[in-house]
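As stored in query.cif (mmCIF, C-alpha atoms):
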data_query
loop_
_atom_site.label_atom_id
_atom_site.label_comp_id
_atom_site.auth_asym_id
_atom_site.auth_seq_id
_atom_site.Cartn_x
_atom_site.Cartn_y
_atom_site.Cartn_z
CA MET A 1 10.27 51.00 3.67
CA LEU A 2 13.68 51.40 2.07
CA SER A 3 14.44 47.73 2.69
CA MET A 4 11.21 46.66 0.99
CA LEU A 5 12.09 48.85 -1.99
CA LEU A 6 15.52 47.26 -2.16
CA LEU A 7 14.08 43.76 -1.79
CA SER A 8 11.40 44.15 -4.42
CA GLY A 9 13.00 46.49 -6.95
CA CYS A 10 16.56 45.25 -7.09
CA SER A 11 16.33 41.46 -7.13
CA GLU A 12 19.19 41.16 -9.60
CA LEU A 13 21.39 42.97 -7.07
CA GLY A 14 20.48 40.50 -4.30
CA PRO A 15 23.81 38.67 -3.93
CA SER A 16 25.76 41.94 -3.92
CA LEU A 17 23.41 43.58 -1.44
CA ALA A 18 23.48 40.55 0.86
CA ARG A 19 27.30 40.69 0.98
CA VAL A 20 27.21 44.37 1.96
CA VAL A 21 24.23 44.07 4.33
CA PRO A 22 24.22 40.50 5.72
CA ALA A 23 20.93 41.08 7.53
CA LEU A 24 19.18 41.04 4.13
CA GLU A 25 20.05 37.35 3.81
CA VAL A 26 18.14 36.69 7.02
CA LEU A 27 15.09 38.53 5.66
CA ASP A 28 15.20 36.69 2.35
CA PRO A 29 17.82 33.91 1.87
CA GLU A 30 17.14 33.96 -1.88
CA LEU A 31 18.87 37.36 -2.05
CA ALA A 32 22.21 35.79 -1.10
CA ALA A 33 22.10 33.08 -3.74
CA GLU A 34 23.91 33.59 -7.01
CA PRO A 35 21.45 32.95 -9.85
CA VAL A 36 21.55 29.54 -11.49
CA GLU A 37 22.62 29.73 -15.16
CA CYS A 38 19.62 28.70 -17.26
CA GLU A 39 21.44 27.75 -20.47
CA PRO A 40 22.97 25.41 -21.40
CA ALA A 41 21.59 22.42 -19.50
CA ILE A 42 23.98 21.52 -16.67
CA PRO A 43 25.41 18.01 -17.19
CA THR A 44 23.88 15.66 -14.64
CA PRO A 45 24.55 11.94 -14.09
CA SER A 46 21.80 9.58 -15.19
CA PRO A 47 20.02 7.75 -12.38
CA ASN A 48 21.65 4.47 -11.32
CA ARG A 49 19.70 1.21 -11.21
CA THR A 50 18.10 2.28 -7.91
CA GLY A 51 16.87 5.59 -9.38
CA VAL A 52 19.38 7.84 -7.58
CA VAL A 53 21.59 10.30 -9.50
CA GLY A 54 24.10 10.88 -6.69
CA THR A 55 24.88 11.23 -3.02
CA LEU A 56 24.76 14.44 -1.02
CA ALA A 57 26.75 15.22 2.13
CA CYS A 58 27.00 18.10 4.56
CA GLY A 59 28.63 21.10 2.87
CA ASP A 60 27.86 20.00 -0.69
CA VAL A 61 26.75 22.38 -3.40
CA VAL A 62 25.50 20.47 -6.45
CA GLU A 63 24.13 21.80 -9.72
CA GLY A 64 22.21 19.80 -12.28
CA ASN A 65 19.30 19.55 -14.69
CA THR A 66 16.10 17.59 -14.08
CA SER A 67 15.80 16.36 -17.69
CA VAL A 68 17.91 13.25 -16.93
CA GLY A 69 15.62 12.02 -14.16
CA ASN A 70 12.94 9.36 -13.96
CA SER A 71 9.25 9.77 -13.33
CA ASN A 72 8.86 7.67 -10.18
CA TRP A 73 7.40 10.49 -8.10
CA ASN A 74 4.14 11.98 -9.29
CA ASP A 75 1.09 13.66 -7.76
CA GLN A 76 -0.19 10.29 -6.53
CA PHE A 77 3.12 9.78 -4.67
CA TYR A 78 3.44 13.32 -3.25
CA VAL A 79 -0.23 13.75 -2.26
CA HIS A 80 -1.54 10.26 -1.37
CA SER A 81 1.42 7.96 -0.60
CA ALA A 82 4.00 10.22 1.04
CA TYR A 83 1.71 13.05 2.16
CA CYS A 84 4.37 15.61 1.21
CA THR A 85 1.86 18.21 0.06
CA PRO A 86 -1.92 18.47 -0.24
CA ALA A 87 -1.64 20.30 -3.57
CA VAL A 88 -1.70 18.73 -7.02
CA HIS A 89 0.92 20.35 -9.27
CA TYR A 90 1.02 17.86 -12.18
CA TYR A 91 4.42 16.46 -11.23
CA ASP A 92 3.71 13.37 -13.37
CA GLN A 93 4.43 15.52 -16.44
CA ALA A 94 8.11 16.07 -15.48
CA PRO A 95 11.02 13.80 -14.54
CA GLU A 96 12.52 14.20 -11.08
CA VAL A 97 16.10 13.74 -9.95
CA ILE A 98 16.71 12.01 -6.64
CA TYR A 99 19.78 12.19 -4.41
CA ARG A 100 20.60 10.13 -1.33
CA LEU A 101 21.53 12.12 1.80
CA GLU A 102 22.84 10.53 4.98
CA VAL A 103 22.56 12.92 7.90
CA PRO A 104 25.29 12.32 10.54
CA PRO A 105 24.24 11.49 14.13
CA ASN A 106 22.95 14.41 16.22
CA ASN A 107 22.80 16.67 13.17
CA GLU A 108 20.20 18.70 11.39
CA ALA A 109 20.60 19.02 7.61
CA THR A 110 19.00 21.80 5.60
CA VAL A 111 18.82 21.30 1.84
CA ARG A 112 18.21 24.47 -0.12
CA LEU A 113 17.02 24.47 -3.74
CA ASP A 114 17.75 27.43 -5.99
CA SER A 115 15.96 27.43 -9.33
CA ASN A 116 15.43 30.78 -10.96
CA CYS A 117 15.06 29.21 -14.43
CA VAL A 118 11.84 27.19 -14.10
CA ASP A 119 9.39 26.29 -11.33
CA LEU A 120 11.10 23.37 -9.56
CA ASP A 121 10.34 22.06 -6.07
CA VAL A 122 12.40 20.21 -3.47
CA SER A 123 11.24 17.29 -1.34
CA MET A 124 12.81 15.11 1.34
CA VAL A 125 11.61 11.56 2.02
CA ALA A 126 12.85 9.32 4.84
CA TRP A 127 13.91 6.11 3.10
CA GLN A 128 16.35 3.55 4.50
CA ASP A 129 16.29 0.99 1.65
CA GLN A 130 19.56 1.37 -0.29
CA ARG A 131 18.33 -0.85 -3.15
CA SER A 132 15.42 1.23 -4.43
CA VAL A 133 13.48 4.47 -4.32
CA PRO A 134 9.83 4.48 -3.30
CA ASN A 135 6.94 5.07 -5.67
CA ASP A 136 3.21 5.62 -5.27
CA LYS A 137 2.73 1.98 -4.17
CA HIS A 138 4.75 2.59 -0.96
CA SER A 139 3.57 4.07 2.29
CA ILE A 140 5.98 6.78 3.45
CA ALA A 141 6.38 7.60 7.14
CA GLU A 142 8.08 10.98 6.76
CA CYS A 143 8.10 13.48 3.91
CA GLN A 144 8.31 17.21 3.51
CA MET A 145 8.21 19.42 0.48
CA ASP A 146 8.68 23.08 -0.33
CA ASP A 147 6.56 23.83 -3.37
CA SER A 148 7.11 27.59 -3.38
CA ALA A 149 8.37 29.15 -6.62
CA GLY A 150 12.05 29.94 -7.18
CA SER A 151 13.71 28.37 -4.19
CA GLY A 152 12.89 26.29 -1.17
CA THR A 153 14.29 24.37 1.77
CA VAL A 154 13.67 21.06 3.47
CA LEU A 155 15.09 19.85 6.78
CA GLY A 156 16.13 16.40 7.97
CA THR A 157 17.49 15.27 11.32
CA ALA A 158 19.33 12.33 12.81
CA VAL A 159 19.46 11.43 16.49
CA ASP A 160 21.84 8.73 17.77
CA LYS A 161 22.82 7.20 14.43
CA PRO A 162 22.98 8.36 10.81
CA TYR A 163 19.64 8.70 9.06
CA THR A 164 19.05 8.41 5.32
CA TYR A 165 16.80 10.65 3.27
CA LEU A 166 16.07 10.92 -0.42
CA VAL A 167 16.08 14.47 -1.74
CA GLY A 168 14.08 15.06 -4.90
CA VAL A 169 13.94 17.95 -7.36
CA ASP A 170 10.78 17.94 -9.48
CA GLY A 171 9.00 20.35 -11.82
CA LYS A 172 5.43 21.57 -11.81
CA LYS A 173 3.40 21.03 -14.99
CA GLY A 174 6.27 19.44 -16.90
CA ALA A 175 8.92 22.04 -15.97
CA VAL A 176 12.48 20.84 -16.63
CA GLY A 177 15.59 22.89 -16.00
CA ASN A 178 18.77 23.74 -14.13
CA TYR A 179 18.95 23.89 -10.33
CA ARG A 180 21.38 24.15 -7.42
CA LEU A 181 21.17 22.19 -4.14
CA THR A 182 23.10 23.40 -1.09
CA VAL A 183 23.41 21.15 2.01
CA THR A 184 24.10 22.82 5.34
CA CYS A 185 24.44 20.80 8.55
CA ARG A 186 24.68 21.73 12.19
CA ILE A 187 24.93 19.78 15.42
CA TYR A 188 21.67 20.32 17.26
CA ARG A 189 21.89 18.05 20.33
#

Give the structure from the file, written as structure tokens.
Amino acid sequence: MLSMLLLSGCSELGPSLARVVPALEVLDPELAAEPVECEPAIPTPSPNRTGVVGTLACGDVVEGNTSVGNSNWNDQFYVHSAYCTPAVHYYDQAPEVIYRLEVPPNNEATVRLDSNCVDLDVSMVAWQDQRSVPNDKHSIAECQMDDSAGSGTVLGTAVDKPYTYLVGVDGKKGAVGNYRLTVTCRIYR
């Protein structure tokens, strides 16, 4: 009961509590995360000609703002082309930022999104073409999305050789704002 009181009533103390009582991070990983600064907008590179704003690697922590993104991924893409989620969240009203992530062989990569400023979601799409990003005209073999509010995680794996994913950060109903992505990898085979 005391832990529930601490978890629900002292959310602003989360990072401090998680350092003192590490088990709290296991109960709710969001408690361990330092809040993302909401103002000013975090400078973020514009997408390159392929639609990607940058490359992620194991151990990276990247902060940015979705306002610089494109609008390649919308509800049609997430729901009908990539089958990331069955829910319509009006993603076509907001730009998304897309990063390329190459997972090393025999590794599992977890990408965590922290976004306490606005309702942003994280997705991970398997995509091997280095020259473009997919849109709603493509058929996607593998996609996952965490559309919960505040934070979320997606997981990608590689077996015998590196495997490339695109990681997207997108806003519901036109939401645009600051975010943090944290990439954690571990050897799993």

Residue neighbourhood A:Val169, 7 Å, only C-alpha atoms, exclusion window fewer than 6 positions, as a ChimeraX atom specification: /A:96-98,120-123

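Using all atoms listed in the file, the smallest distance between any of A:His80, A:His89, A:Lys161, A:Arg49 and A:Ile140 comes from A:His80.
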
Explicit residue set for the PyMOL selection byres ((chain A and resi 103-112) around 10), as a PyMOL selection string: chain A and resi 29-30+56-61+100-102+113-115+122-124+146+151-165+167+180-189

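Residues matched by the PyMOL selection byres ((chain A and resi 132) around 9) in this file: Arg49, Thr50, Gly51, Val52, Asp129, Gln130, Arg131, Val133 and Pro134 of chain A.
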
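Proximity to A:Asn116 was assessed for A:Gly177, A:Gly54, A:Gly171, A:Gly150 counting only C-alpha atoms; the smallest distance is recorded for A:Gly150.
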
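Atom to atom, atom CA of A:Tyr99 and atom CA of A:Pro47 stand 9.1 Å apart.
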
Interatomic distance (Å, one decimal) between atom CA of A:Cys143 and atom CA of A:Tyr90: 18.1 Å

Evaluate the PyMOL selection byres ((chain A and resi 172) around 9) and report residues as a ChimeraX atom specification: /A:89-94,118-121,147,170-171,173-176

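Taking atom CA of A:Val36 and atom CA of A:Gly69 as endpoints, the distance between them is 18.7 Å.
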
Residue among A:Asn178, A:Ser139, A:Asn48, A:Gln144 lying closest to A:Gly64, counting only C-alpha atoms: A:Asn178

Near-A:Asp136 list (6 Å; only C-alpha atoms; drop same-chain fewer than 3 positions) as a ChimeraX atom specification: /A:76-77,81

Shortest interatomic distance to A:Ala149 - which of A:Val62, A:Glu39, A:Cys117, A:Ala126, counting all atoms listed in the file: A:Cys117

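Distances from A:Val79, A:Glu142, A:Gln128, A:Ile42 to A:Asn65 were compared using all atoms listed in the file, and the smallest one belongs to A:Ile42.
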
Once 5 Å is added on each side, what are the centre and the three edge lengths, in Å to one decimal, of the axis-aligned box enclosing the listed atoms of stretch 156-175 of chain A? Present them as AutoDock Vina command-line options.
--center_x 13.2 --center_y 14.6 --center_z 0.4 --size_x 29.6 --size_y 24.8 --size_z 44.7
